[in-house]
>>> print(open('entry.pdb').read())   # PDB, C-alpha atoms
MODEL        1
ATOM      1  CA  MET A   1      17.900  13.188 -56.303  1.00  0.00           C
ATOM      2  CA  GLN A   2      14.755  11.145 -55.767  1.00  0.00           C
ATOM      3  CA  ARG A   3      12.969   9.204 -58.440  1.00  0.00           C
ATOM      4  CA  LYS A   4       9.235   9.633 -58.971  1.00  0.00           C
ATOM      5  CA  GLY A   5       8.294   6.545 -57.015  1.00  0.00           C
ATOM      6  CA  GLU A   6      10.212   7.536 -53.893  1.00  0.00           C
ATOM      7  CA  ARG A   7       8.796   9.244 -50.842  1.00  0.00           C
ATOM      8  CA  ARG A   8      10.250  12.351 -49.220  1.00  0.00           C
ATOM      9  CA  ARG A   9      12.713  11.047 -46.632  1.00  0.00           C
ATOM     10  CA  ALA A  10      13.926  12.692 -43.454  1.00  0.00           C
ATOM     11  CA  SER A  11      17.559  13.233 -42.582  1.00  0.00           C
ATOM     12  CA  PRO A  12      18.570  12.287 -38.999  1.00  0.00           C
ATOM     13  CA  LYS A  13      19.553  15.896 -38.261  1.00  0.00           C
ATOM     14  CA  VAL A  14      16.178  17.255 -39.269  1.00  0.00           C
ATOM     15  CA  LEU A  15      14.331  14.536 -37.361  1.00  0.00           C
ATOM     16  CA  VAL A  16      16.177  15.551 -34.202  1.00  0.00           C
ATOM     17  CA  ALA A  17      15.476  19.234 -34.836  1.00  0.00           C
ATOM     18  CA  ALA A  18      11.772  18.580 -35.346  1.00  0.00           C
ATOM     19  CA  ALA A  19      11.524  16.529 -32.161  1.00  0.00           C
ATOM     20  CA  LEU A  20      13.251  19.199 -30.122  1.00  0.00           C
ATOM     21  CA  ALA A  21      11.030  21.907 -31.550  1.00  0.00           C
ATOM     22  CA  GLY A  22       7.961  19.872 -30.715  1.00  0.00           C
ATOM     23  CA  LEU A  23       9.009  19.414 -27.179  1.00  0.00           C
ATOM     24  CA  VAL A  24      10.032  23.117 -26.069  1.00  0.00           C
ATOM     25  CA  LEU A  25      -0.961  17.030 -58.685  1.00  0.00           C
ATOM     26  CA  ALA A  26      -1.603  16.307 -60.967  1.00  0.00           C
ATOM     27  CA  GLY A  27      -4.330  18.352 -62.594  1.00  0.00           C
ATOM     28  CA  THR A  28      -5.071  21.891 -61.600  1.00  0.00           C
ATOM     29  CA  ALA A  29      -3.019  21.755 -58.450  1.00  0.00           C
ATOM     30  CA  VAL A  30       0.230  21.783 -60.421  1.00  0.00           C
ATOM     31  CA  GLY A  31      -0.676  25.104 -61.951  1.00  0.00           C
ATOM     32  CA  ILE A  32      -1.773  26.751 -58.730  1.00  0.00           C
ATOM     33  CA  ALA A  33       1.251  25.994 -56.544  1.00  0.00           C
ATOM     34  CA  THR A  34       2.695  29.345 -55.497  1.00  0.00           C
ATOM     35  CA  ALA A  35       5.608  30.950 -53.702  1.00  0.00           C
ATOM     36  CA  VAL A  36       4.323  33.235 -50.988  1.00  0.00           C
ATOM     37  CA  GLY A  37       7.401  34.688 -49.361  1.00  0.00           C
ATOM     38  CA  ASN A  38       8.334  37.177 -52.088  1.00  0.00           C
ATOM     39  CA  LYS A  39       8.028  40.958 -52.126  1.00  0.00           C
ATOM     40  CA  SER A  40       5.109  40.949 -54.550  1.00  0.00           C
ATOM     41  CA  SER A  41       2.832  39.060 -52.159  1.00  0.00           C
ATOM     42  CA  PRO A  42      -0.440  40.892 -51.513  1.00  0.00           C
ATOM     43  CA  PRO A  43      -1.230  42.312 -48.063  1.00  0.00           C
ATOM     44  CA  VAL A  44      -2.242  39.778 -45.450  1.00  0.00           C
ATOM     45  CA  PRO A  45      -6.062  39.655 -45.220  1.00  0.00           C
ATOM     46  CA  THR A  46      -7.471  41.014 -41.980  1.00  0.00           C
ATOM     47  CA  ALA A  47     -10.720  39.043 -42.029  1.00  0.00           C
ATOM     48  CA  THR A  48     -11.512  37.190 -38.825  1.00  0.00           C
ATOM     49  CA  ARG A  49     -13.772  34.612 -40.501  1.00  0.00           C
ATOM     50  CA  GLY A  50     -12.829  32.489 -43.496  1.00  0.00           C
ATOM     51  CA  SER A  51     -14.588  33.033 -46.811  1.00  0.00           C
ATOM     52  CA  LEU A  52     -14.187  32.110 -50.461  1.00  0.00           C
ATOM     53  CA  ALA A  53     -14.268  35.834 -51.201  1.00  0.00           C
ATOM     54  CA  THR A  54     -10.707  36.059 -49.882  1.00  0.00           C
ATOM     55  CA  GLY A  55      -9.713  32.605 -51.069  1.00  0.00           C
ATOM     56  CA  LEU A  56      -6.355  31.388 -52.301  1.00  0.00           C
ATOM     57  CA  PRO A  57      -6.230  29.438 -55.585  1.00  0.00           C
ATOM     58  CA  GLY A  58      -8.038  26.144 -55.117  1.00  0.00           C
ATOM     59  CA  ALA A  59     -10.167  27.328 -52.174  1.00  0.00           C
ATOM     60  CA  ALA A  60     -13.489  26.685 -53.922  1.00  0.00           C
ATOM     61  CA  GLU A  61     -12.339  23.236 -55.052  1.00  0.00           C
ATOM     62  CA  VAL A  62     -11.328  22.341 -51.495  1.00  0.00           C
ATOM     63  CA  GLN A  63     -14.675  23.537 -50.148  1.00  0.00           C
ATOM     64  CA  ARG A  64     -16.575  21.368 -52.642  1.00  0.00           C
ATOM     65  CA  LEU A  65     -14.420  18.354 -51.819  1.00  0.00           C
ATOM     66  CA  PHE A  66     -15.053  18.369 -48.063  1.00  0.00           C
ATOM     67  CA  VAL A  67     -18.407  20.080 -47.534  1.00  0.00           C
ATOM     68  CA  GLY A  68     -20.869  17.800 -45.746  1.00  0.00           C
ATOM     69  CA  ILE A  69     -18.280  15.183 -44.716  1.00  0.00           C
ATOM     70  CA  PRO A  70     -17.866  14.882 -40.936  1.00  0.00           C
ATOM     71  CA  GLN A  71     -14.519  15.897 -39.502  1.00  0.00           C
ATOM     72  CA  HIS A  72     -13.419  15.488 -35.900  1.00  0.00           C
ATOM     73  CA  GLY A  73      -9.889  16.521 -35.023  1.00  0.00           C
ATOM     74  CA  ASN A  74      -7.628  14.698 -37.464  1.00  0.00           C
ATOM     75  CA  VAL A  75     -10.241  12.181 -38.610  1.00  0.00           C
ATOM     76  CA  LEU A  76     -12.357  12.546 -41.735  1.00  0.00           C
ATOM     77  CA  GLY A  77     -15.445  10.471 -42.455  1.00  0.00           C
ATOM     78  CA  SER A  78     -18.077   8.382 -40.718  1.00  0.00           C
ATOM     79  CA  PRO A  79     -17.023   6.730 -37.444  1.00  0.00           C
ATOM     80  CA  ARG A  80     -18.988   3.695 -38.660  1.00  0.00           C
ATOM     81  CA  ALA A  81     -16.877   3.257 -41.807  1.00  0.00           C
ATOM     82  CA  ARG A  82     -15.760  -0.337 -42.288  1.00  0.00           C
ATOM     83  CA  ALA A  83     -12.269   0.608 -43.485  1.00  0.00           C
ATOM     84  CA  THR A  84      -9.717   2.994 -41.990  1.00  0.00           C
ATOM     85  CA  MET A  85      -6.790   4.702 -43.673  1.00  0.00           C
ATOM     86  CA  ILE A  86      -3.915   6.315 -41.753  1.00  0.00           C
ATOM     87  CA  GLU A  87      -1.682   8.738 -43.611  1.00  0.00           C
ATOM     88  CA  TYR A  88       1.574  10.252 -42.375  1.00  0.00           C
ATOM     89  CA  VAL A  89       2.176  13.528 -44.214  1.00  0.00           C
ATOM     90  CA  ASP A  90       4.409  16.582 -43.927  1.00  0.00           C
ATOM     91  CA  PRO A  91       3.046  20.011 -44.981  1.00  0.00           C
ATOM     92  CA  GLN A  92       6.161  20.747 -47.043  1.00  0.00           C
ATOM     93  CA  CYS A  93       6.543  17.371 -48.733  1.00  0.00           C
ATOM     94  CA  PRO A  94       6.194  17.677 -52.547  1.00  0.00           C
ATOM     95  CA  TYR A  95       5.314  13.974 -52.836  1.00  0.00           C
ATOM     96  CA  CYS A  96       2.536  14.506 -50.293  1.00  0.00           C
ATOM     97  CA  ARG A  97       1.284  17.356 -52.454  1.00  0.00           C
ATOM     98  CA  GLU A  98       1.153  15.083 -55.488  1.00  0.00           C
ATOM     99  CA  PHE A  99      -0.551  12.318 -53.515  1.00  0.00           C
ATOM    100  CA  GLU A 100      -3.129  14.639 -51.956  1.00  0.00           C
ATOM    101  CA  SER A 101      -3.827  16.450 -55.226  1.00  0.00           C
ATOM    102  CA  ALA A 102      -3.815  13.542 -57.668  1.00  0.00           C
ATOM    103  CA  VAL A 103      -5.132  10.625 -55.607  1.00  0.00           C
ATOM    104  CA  MET A 104      -7.023  11.763 -52.532  1.00  0.00           C
ATOM    105  CA  PRO A 105      -9.874  13.745 -54.154  1.00  0.00           C
ATOM    106  CA  ASP A 106     -11.069  10.608 -55.927  1.00  0.00           C
ATOM    107  CA  ILE A 107     -10.594   8.482 -52.790  1.00  0.00           C
ATOM    108  CA  ILE A 108     -12.642  10.970 -50.780  1.00  0.00           C
ATOM    109  CA  ARG A 109     -15.454  11.055 -53.346  1.00  0.00           C
ATOM    110  CA  ARG A 110     -15.595   7.284 -53.865  1.00  0.00           C
ATOM    111  CA  PHE A 111     -15.023   5.947 -50.366  1.00  0.00           C
ATOM    112  CA  VAL A 112     -15.181   8.652 -47.683  1.00  0.00           C
ATOM    113  CA  ARG A 113     -18.240  10.553 -48.862  1.00  0.00           C
ATOM    114  CA  THR A 114     -20.104   7.255 -49.296  1.00  0.00           C
ATOM    115  CA  GLY A 115     -19.332   6.212 -45.709  1.00  0.00           C
ATOM    116  CA  LYS A 116     -17.079   3.283 -46.598  1.00  0.00           C
ATOM    117  CA  LEU A 117     -13.755   4.742 -45.394  1.00  0.00           C
ATOM    118  CA  LYS A 118     -12.525   7.086 -42.703  1.00  0.00           C
ATOM    119  CA  ILE A 119      -9.123   8.750 -42.819  1.00  0.00           C
ATOM    120  CA  GLU A 120      -6.832   9.632 -39.938  1.00  0.00           C
ATOM    121  CA  ALA A 121      -4.260  12.257 -40.890  1.00  0.00           C
ATOM    122  CA  ARG A 122      -1.095  12.087 -38.821  1.00  0.00           C
ATOM    123  CA  THR A 123       0.536  15.358 -39.739  1.00  0.00           C
ATOM    124  CA  ILE A 124       4.223  15.326 -38.807  1.00  0.00           C
ATOM    125  CA  ALA A 125       7.148  17.697 -39.290  1.00  0.00           C
ATOM    126  CA  PHE A 126      10.627  16.576 -40.286  1.00  0.00           C
ATOM    127  CA  ILE A 127      11.616  18.743 -43.235  1.00  0.00           C
ATOM    128  CA  GLY A 128      12.148  21.986 -41.336  1.00  0.00           C
ATOM    129  CA  GLN A 129      10.722  24.978 -39.514  1.00  0.00           C
ATOM    130  CA  ASP A 130       8.000  25.576 -42.113  1.00  0.00           C
ATOM    131  CA  SER A 131       6.809  22.018 -41.498  1.00  0.00           C
ATOM    132  CA  LEU A 132       6.455  22.699 -37.792  1.00  0.00           C
ATOM    133  CA  ARG A 133       4.434  25.858 -38.361  1.00  0.00           C
ATOM    134  CA  GLY A 134       2.190  24.130 -40.889  1.00  0.00           C
ATOM    135  CA  ARG A 135       1.688  21.080 -38.699  1.00  0.00           C
ATOM    136  CA  ASP A 136       0.656  23.147 -35.679  1.00  0.00           C
ATOM    137  CA  ALA A 137      -1.713  25.323 -37.720  1.00  0.00           C
ATOM    138  CA  ALA A 138      -3.326  22.244 -39.260  1.00  0.00           C
ATOM    139  CA  LEU A 139      -3.873  20.692 -35.836  1.00  0.00           C
ATOM    140  CA  ALA A 140      -5.372  23.980 -34.674  1.00  0.00           C
ATOM    141  CA  ALA A 141      -7.716  23.902 -37.682  1.00  0.00           C
ATOM    142  CA  GLY A 142      -8.688  20.409 -36.576  1.00  0.00           C
ATOM    143  CA  GLN A 143     -10.116  21.898 -33.378  1.00  0.00           C
ATOM    144  CA  GLN A 144     -12.691  23.538 -35.657  1.00  0.00           C
ATOM    145  CA  GLY A 145     -13.288  20.453 -37.805  1.00  0.00           C
ATOM    146  CA  ARG A 146     -11.283  21.748 -40.764  1.00  0.00           C
ATOM    147  CA  LEU A 147      -7.866  20.093 -40.628  1.00  0.00           C
ATOM    148  CA  PHE A 148      -8.349  18.395 -43.988  1.00  0.00           C
ATOM    149  CA  ASN A 149      -9.488  21.640 -45.641  1.00  0.00           C
ATOM    150  CA  PHE A 150      -6.425  23.409 -44.275  1.00  0.00           C
ATOM    151  CA  MET A 151      -3.955  20.737 -45.399  1.00  0.00           C
ATOM    152  CA  GLN A 152      -5.461  20.359 -48.868  1.00  0.00           C
ATOM    153  CA  LEU A 153      -5.381  24.097 -49.517  1.00  0.00           C
ATOM    154  CA  LEU A 154      -1.847  24.228 -48.160  1.00  0.00           C
ATOM    155  CA  TYR A 155      -0.761  21.587 -50.677  1.00  0.00           C
ATOM    156  CA  PHE A 156      -2.498  23.368 -53.542  1.00  0.00           C
ATOM    157  CA  ASN A 157      -0.381  26.448 -52.747  1.00  0.00           C
ATOM    158  CA  GLN A 158       2.807  24.759 -51.560  1.00  0.00           C
ATOM    159  CA  GLY A 159       6.113  26.649 -51.866  1.00  0.00           C
ATOM    160  CA  THR A 160       9.746  25.566 -51.972  1.00  0.00           C
ATOM    161  CA  GLU A 161      10.996  23.532 -49.016  1.00  0.00           C
ATOM    162  CA  ASN A 162      12.517  25.554 -46.182  1.00  0.00           C
ATOM    163  CA  SER A 163      12.310  28.834 -48.114  1.00  0.00           C
ATOM    164  CA  GLY A 164      10.213  30.494 -45.441  1.00  0.00           C
ATOM    165  CA  TRP A 165       7.076  30.198 -47.578  1.00  0.00           C
ATOM    166  CA  LEU A 166       4.983  28.739 -44.757  1.00  0.00           C
ATOM    167  CA  SER A 167       5.126  31.834 -42.597  1.00  0.00           C
ATOM    168  CA  SER A 168       2.639  33.065 -40.012  1.00  0.00           C
ATOM    169  CA  ASP A 169       1.265  35.385 -42.687  1.00  0.00           C
ATOM    170  CA  PHE A 170       0.706  32.469 -45.047  1.00  0.00           C
ATOM    171  CA  VAL A 171      -1.061  30.519 -42.324  1.00  0.00           C
ATOM    172  CA  LYS A 172      -3.490  33.440 -42.116  1.00  0.00           C
ATOM    173  CA  ARG A 173      -3.921  33.466 -45.908  1.00  0.00           C
ATOM    174  CA  VAL A 174      -4.918  29.819 -45.810  1.00  0.00           C
ATOM    175  CA  ALA A 175      -7.187  30.303 -42.795  1.00  0.00           C
ATOM    176  CA  VAL A 176      -9.154  33.189 -44.320  1.00  0.00           C
ATOM    177  CA  SER A 177      -9.716  31.036 -47.432  1.00  0.00           C
ATOM    178  CA  ILE A 178     -11.681  28.358 -45.550  1.00  0.00           C
ATOM    179  CA  PRO A 179     -15.375  29.273 -45.159  1.00  0.00           C
ATOM    180  CA  GLY A 180     -16.506  29.627 -41.566  1.00  0.00           C
ATOM    181  CA  LEU A 181     -13.073  29.184 -40.001  1.00  0.00           C
ATOM    182  CA  ASP A 182     -12.436  31.394 -36.950  1.00  0.00           C
ATOM    183  CA  VAL A 183      -9.051  32.851 -37.886  1.00  0.00           C
ATOM    184  CA  PRO A 184      -8.032  34.377 -34.512  1.00  0.00           C
ATOM    185  CA  ARG A 185      -9.001  31.145 -32.773  1.00  0.00           C
ATOM    186  CA  LEU A 186      -6.782  29.148 -35.133  1.00  0.00           C
ATOM    187  CA  THR A 187      -3.757  31.415 -34.798  1.00  0.00           C
ATOM    188  CA  GLY A 188      -4.157  31.459 -31.028  1.00  0.00           C
ATOM    189  CA  ALA A 189      -4.475  27.703 -30.743  1.00  0.00           C
ATOM    190  CA  ALA A 190      -1.501  26.919 -32.997  1.00  0.00           C
ATOM    191  CA  GLY A 191       0.958  27.519 -30.167  1.00  0.00           C
ATOM    192  CA  SER A 192      -1.193  26.090 -27.396  1.00  0.00           C
ATOM    193  CA  ALA A 193      -0.363  23.279 -24.999  1.00  0.00           C
ATOM    194  CA  ALA A 194      -3.188  21.182 -26.460  1.00  0.00           C
ATOM    195  CA  VAL A 195      -1.766  21.391 -29.986  1.00  0.00           C
ATOM    196  CA  LEU A 196       1.767  20.723 -28.736  1.00  0.00           C
ATOM    197  CA  SER A 197       0.561  17.655 -26.870  1.00  0.00           C
ATOM    198  CA  GLN A 198      -1.215  16.319 -29.960  1.00  0.00           C
ATOM    199  CA  ALA A 199       1.811  17.047 -32.139  1.00  0.00           C
ATOM    200  CA  ASN A 200       4.049  15.123 -29.749  1.00  0.00           C
ATOM    201  CA  ARG A 201       1.677  12.141 -29.845  1.00  0.00           C
ATOM    202  CA  LEU A 202       1.699  12.106 -33.655  1.00  0.00           C
ATOM    203  CA  GLU A 203       5.496  12.321 -33.773  1.00  0.00           C
ATOM    204  CA  ALA A 204       5.698   9.446 -31.253  1.00  0.00           C
ATOM    205  CA  GLU A 205       3.341   7.368 -33.393  1.00  0.00           C
ATOM    206  CA  ALA A 206       5.509   8.046 -36.447  1.00  0.00           C
ATOM    207  CA  THR A 207       8.557   6.890 -34.528  1.00  0.00           C
ATOM    208  CA  ALA A 208       6.775   3.755 -33.330  1.00  0.00           C
ATOM    209  CA  ASP A 209       5.693   2.980 -36.892  1.00  0.00           C
ATOM    210  CA  ARG A 210       9.252   3.643 -38.130  1.00  0.00           C
ATOM    211  CA  VAL A 211       8.079   6.223 -40.610  1.00  0.00           C
ATOM    212  CA  SER A 212      11.088   7.361 -42.629  1.00  0.00           C
ATOM    213  CA  GLY A 213       9.350   9.152 -45.484  1.00  0.00           C
ATOM    214  CA  THR A 214       6.102  10.769 -46.526  1.00  0.00           C
ATOM    215  CA  PRO A 215       3.505   9.988 -47.588  1.00  0.00           C
ATOM    216  CA  THR A 216       3.331   6.749 -45.618  1.00  0.00           C
ATOM    217  CA  VAL A 217      -0.099   5.112 -45.782  1.00  0.00           C
ATOM    218  CA  TYR A 218      -1.736   2.312 -43.807  1.00  0.00           C
ATOM    219  CA  VAL A 219      -5.122   0.721 -44.559  1.00  0.00           C
ATOM    220  CA  GLY A 220      -7.127  -1.877 -42.683  1.00  0.00           C
ATOM    221  CA  ARG A 221     -10.552  -2.912 -41.482  1.00  0.00           C
ATOM    222  CA  THR A 222     -11.698  -0.535 -38.758  1.00  0.00           C
ATOM    223  CA  GLY A 223     -10.759  -1.904 -35.355  1.00  0.00           C
ATOM    224  CA  SER A 224      -7.982  -4.145 -36.681  1.00  0.00           C
ATOM    225  CA  LYS A 225      -4.292  -3.449 -37.180  1.00  0.00           C
ATOM    226  CA  PRO A 226      -3.789  -1.732 -40.541  1.00  0.00           C
ATOM    227  CA  LYS A 227      -1.103  -2.704 -43.030  1.00  0.00           C
ATOM    228  CA  VAL A 228       1.263  -0.406 -44.866  1.00  0.00           C
ATOM    229  CA  VAL A 229       0.329   0.267 -48.501  1.00  0.00           C
ATOM    230  CA  ALA A 230       3.352  -0.004 -50.788  1.00  0.00           C
ATOM    231  CA  LEU A 231       2.630   2.834 -53.208  1.00  0.00           C
ATOM    232  CA  GLN A 232       4.689   2.616 -56.377  1.00  0.00           C
ATOM    233  CA  SER A 233       4.547   6.399 -56.861  1.00  0.00           C
ATOM    234  CA  PRO A 234       2.778   9.377 -55.260  1.00  0.00           C
ATOM    235  CA  ASP A 235      -0.019   9.078 -57.847  1.00  0.00           C
ATOM    236  CA  ASP A 236      -0.475   5.304 -57.483  1.00  0.00           C
ATOM    237  CA  GLU A 237      -4.220   5.314 -56.918  1.00  0.00           C
ATOM    238  CA  ARG A 238      -4.780   1.727 -58.091  1.00  0.00           C
ATOM    239  CA  THR A 239      -2.744   0.163 -55.277  1.00  0.00           C
ATOM    240  CA  LEU A 240      -4.513   2.283 -52.670  1.00  0.00           C
ATOM    241  CA  VAL A 241      -7.985   1.479 -54.041  1.00  0.00           C
ATOM    242  CA  THR A 242      -7.190  -2.237 -53.963  1.00  0.00           C
ATOM    243  CA  ALA A 243      -6.109  -2.004 -50.316  1.00  0.00           C
ATOM    244  CA  ILE A 244      -9.272  -0.094 -49.367  1.00  0.00           C
ATOM    245  CA  GLN A 245     -11.533  -2.585 -51.100  1.00  0.00           C
ATOM    246  CA  ARG A 246      -9.808  -5.529 -49.447  1.00  0.00           C
ATOM    247  CA  ALA A 247     -10.372  -3.836 -46.091  1.00  0.00           C
ATOM    248  CA  GLY A 248     -14.101  -3.692 -46.744  1.00  0.00           C
ATOM    249  CA  GLY A 249     -14.299  -0.182 -48.194  1.00  0.00           C
TER
ENDMDL
END
>>> encode(input="entry.pdb", output="structure tokens")
Amino acid sequence: MQRKGERRRASPKVLVAAALAGLVLAGTAVGIATAVGNKSSPPVPTATRGSLATGLPGAAEVQRLFVGIPQHGNVLGSPRARATMIEYVDPQCPYCREFESAVMPDIIRRFVRTGKLKIEARTIAFIGQDSLRGRDAALAAGQQGRLFNFMQLLYFNQGTENSGWLSSDFVKRVAVSIPGLDVPRLTGAAGSAAVLSQANRLEAEATADRVSGTPTVYVGRTGSKPKVVALQSPDDERTLVTAIQRAGG
């Protein structure tokens, strides 16, 4: 059993399975996490365009957090930002959920929205099949400039690891909760060669960086080699803020 300060770590068997598959809260978020794969789940929305009218819990909060901030693929923030943060995250990781829910909203408001920091999300999958499905859907959302919206809303509604919660139906529930998102385009792109190629690159980068757990975070001055941030716990905002400020953020 992991202590609070530990990251979610991958077993060798699951790492191999994820690689093979790739090749062929603090606050209100704690209360809104939900299990989707049960019999009482409502019908899957049929909307083709995302809207808050069909939103999951937390959808309005996510929209407020990211609206007006530039997104391109898996990068959030101004390309001219002086500091860059790289985060390795898994859609199913409960420690990622705590980090993204408790720490990242404040980081985004203080440093990203003000143009001081840009964030590169390297979404990887080592926990299981649900991670793979979530990773690919998030990368597909990135084609529409909404990867960060998708991942944040996913964390706000995260289910139990490898329980089947992150199904194709749940991907649609998340997609229809993001204003303006083209749902059929996302679901079609999730299994595309372009998404698979990007996923393989991210997994290769994680291997090169010897990522063994999530979240793993690097921060540095834009254009220079970033350094790993030794978070003491998933809600260790102080250490991250210090690293960003030292990098010029």
>>> resolve_selection(input="entry.pdb", expression="the PyMOL selection byres ((chain A and resi 82) around 9)", output="PyMOL selection string")
chain A and resi 79-81+83-84+115-118+220-223+247-249
>>> residues_around(input="entry.pdb", residues="region 179-181 of chain A", least_positions_apart="3", cutoff="10 Å", atoms="only C-alpha atoms", output="list in words")
Thr48, Arg49, Gly50, Ser51, Leu52, Ala53, Thr54, Gly55, Ala59, Ala60, Gln63, Val67, Ala141, Gln144, Gly145, Arg146, Asn149, Phe150, Ala175, Val176, Pro184, Arg185 and Leu186 of chain A
>>> write_last_selection(input="entry.pdb", atoms="C-alpha atoms", output="mmCIF file, in the coordinates of the input")
data_model
loop_
_atom_site.group_PDB
_atom_site.id
_atom_site.type_symbol
_atom_site.label_atom_id
_atom_site.label_comp_id
_atom_site.auth_asym_id
_atom_site.auth_seq_id
_atom_site.Cartn_x
_atom_site.Cartn_y
_atom_site.Cartn_z
ATOM 1 C CA THR A 48 -11.512 37.190 -38.825
ATOM 2 C CA ARG A 49 -13.772 34.612 -40.501
ATOM 3 C CA GLY A 50 -12.829 32.489 -43.496
ATOM 4 C CA SER A 51 -14.588 33.033 -46.811
ATOM 5 C CA LEU A 52 -14.187 32.110 -50.461
ATOM 6 C CA ALA A 53 -14.268 35.834 -51.201
ATOM 7 C CA THR A 54 -10.707 36.059 -49.882
ATOM 8 C CA GLY A 55 -9.713 32.605 -51.069
ATOM 9 C CA ALA A 59 -10.167 27.328 -52.174
ATOM 10 C CA ALA A 60 -13.489 26.685 -53.922
ATOM 11 C CA GLN A 63 -14.675 23.537 -50.148
ATOM 12 C CA VAL A 67 -18.407 20.080 -47.534
ATOM 13 C CA ALA A 141 -7.716 23.902 -37.682
ATOM 14 C CA GLN A 144 -12.691 23.538 -35.657
ATOM 15 C CA GLY A 145 -13.288 20.453 -37.805
ATOM 16 C CA ARG A 146 -11.283 21.748 -40.764
ATOM 17 C CA ASN A 149 -9.488 21.640 -45.641
ATOM 18 C CA PHE A 150 -6.425 23.409 -44.275
ATOM 19 C CA ALA A 175 -7.187 30.303 -42.795
ATOM 20 C CA VAL A 176 -9.154 33.189 -44.320
ATOM 21 C CA PRO A 184 -8.032 34.377 -34.512
ATOM 22 C CA ARG A 185 -9.001 31.145 -32.773
ATOM 23 C CA LEU A 186 -6.782 29.148 -35.133
#
>>> resolve_selection(input="entry.pdb", expression="the PyMOL selection byres ((chain A and resi 99-113) around 7)", output="ChimeraX atom specification")
/A:25-27,29,65,69,77,95-98,114-118,152,234-235,237,249
>>> closest_residue(input="entry.pdb", among="A:Thr46, A:Gln245, A:Gln198, A:Ser177", to="Asp136 (chain A)", atoms="all atoms listed in the file")
A:Gln198
>>> atom_distance(input="entry.pdb", atom1="CA of Arg133 (chain A)", atom2="CA of Leu76 (chain A)")
21.7 Å
>>> closest_residue(input="entry.pdb", among="A:Arg122, A:Arg173, A:Arg201, A:Lys227", to="Leu154 (chain A)", atoms="all atoms listed in the file")
A:Arg173
>>> residues_around(input="entry.pdb", residues="Gly191 (chain A)", least_positions_apart="5", cutoff="9 Å", atoms="only C-alpha atoms", output="PDB file with C-alpha atoms, in the coordinates of the input")
ATOM      1  CA  ASP A 136       0.656  23.147 -35.679  1.00  0.00           C
ATOM      2  CA  ALA A 137      -1.713  25.323 -37.720  1.00  0.00           C
ATOM      3  CA  ALA A 140      -5.372  23.980 -34.674  1.00  0.00           C
ATOM      4  CA  LEU A 196       1.767  20.723 -28.736  1.00  0.00           C
TER       5      LEU A 196
END
>>> build_atoms(input="entry.pdb", residues="region 157-166 of chain A", atoms="N, CA, C and O atoms", output="PDB file, in the coordinates of the input")
ATOM      1  N   ASN A 157      -1.154  25.204 -52.668  1.00  0.00           N
ATOM      2  CA  ASN A 157      -0.381  26.448 -52.747  1.00  0.00           C
ATOM      3  C   ASN A 157       1.018  26.290 -52.154  1.00  0.00           C
ATOM      4  O   ASN A 157       1.623  27.247 -51.686  1.00  0.00           O
ATOM      5  N   GLN A 158       1.526  25.075 -52.190  1.00  0.00           N
ATOM      6  CA  GLN A 158       2.807  24.759 -51.560  1.00  0.00           C
ATOM      7  C   GLN A 158       3.973  25.502 -52.216  1.00  0.00           C
ATOM      8  O   GLN A 158       4.050  25.632 -53.435  1.00  0.00           O
ATOM      9  N   GLY A 159       4.909  25.982 -51.383  1.00  0.00           N
ATOM     10  CA  GLY A 159       6.113  26.649 -51.866  1.00  0.00           C
ATOM     11  C   GLY A 159       7.327  25.738 -51.800  1.00  0.00           C
ATOM     12  O   GLY A 159       7.212  24.524 -51.574  1.00  0.00           O
ATOM     13  N   THR A 160       8.490  26.318 -51.970  1.00  0.00           N
ATOM     14  CA  THR A 160       9.746  25.566 -51.972  1.00  0.00           C
ATOM     15  C   THR A 160      10.167  25.228 -50.546  1.00  0.00           C
ATOM     16  O   THR A 160      10.104  26.074 -49.646  1.00  0.00           O
ATOM     17  N   GLU A 161      10.612  23.996 -50.348  1.00  0.00           N
ATOM     18  CA  GLU A 161      10.996  23.532 -49.016  1.00  0.00           C
ATOM     19  C   GLU A 161      11.967  24.488 -48.321  1.00  0.00           C
ATOM     20  O   GLU A 161      12.967  24.917 -48.895  1.00  0.00           O
ATOM     21  N   ASN A 162      11.642  24.777 -47.064  1.00  0.00           N
ATOM     22  CA  ASN A 162      12.517  25.554 -46.182  1.00  0.00           C
ATOM     23  C   ASN A 162      12.922  26.908 -46.744  1.00  0.00           C
ATOM     24  O   ASN A 162      13.984  27.428 -46.425  1.00  0.00           O
ATOM     25  N   SER A 163      12.041  27.502 -47.565  1.00  0.00           N
ATOM     26  CA  SER A 163      12.310  28.834 -48.114  1.00  0.00           C
ATOM     27  C   SER A 163      11.651  29.926 -47.286  1.00  0.00           C
ATOM     28  O   SER A 163      11.776  31.106 -47.612  1.00  0.00           O
ATOM     29  N   GLY A 164      10.944  29.538 -46.238  1.00  0.00           N
ATOM     30  CA  GLY A 164      10.213  30.494 -45.441  1.00  0.00           C
ATOM     31  C   GLY A 164       8.812  30.761 -45.962  1.00  0.00           C
ATOM     32  O   GLY A 164       8.116  31.640 -45.464  1.00  0.00           O
ATOM     33  N   TRP A 165       8.384  29.968 -46.946  1.00  0.00           N
ATOM     34  CA  TRP A 165       7.076  30.198 -47.578  1.00  0.00           C
ATOM     35  C   TRP A 165       5.920  29.994 -46.599  1.00  0.00           C
ATOM     36  O   TRP A 165       4.910  30.687 -46.666  1.00  0.00           O
ATOM     37  N   LEU A 166       6.071  29.040 -45.661  1.00  0.00           N
ATOM     38  CA  LEU A 166       4.983  28.739 -44.757  1.00  0.00           C
ATOM     39  C   LEU A 166       5.137  29.590 -43.492  1.00  0.00           C
ATOM     40  O   LEU A 166       5.384  29.094 -42.393  1.00  0.00           O
TER      41      LEU A 166
END
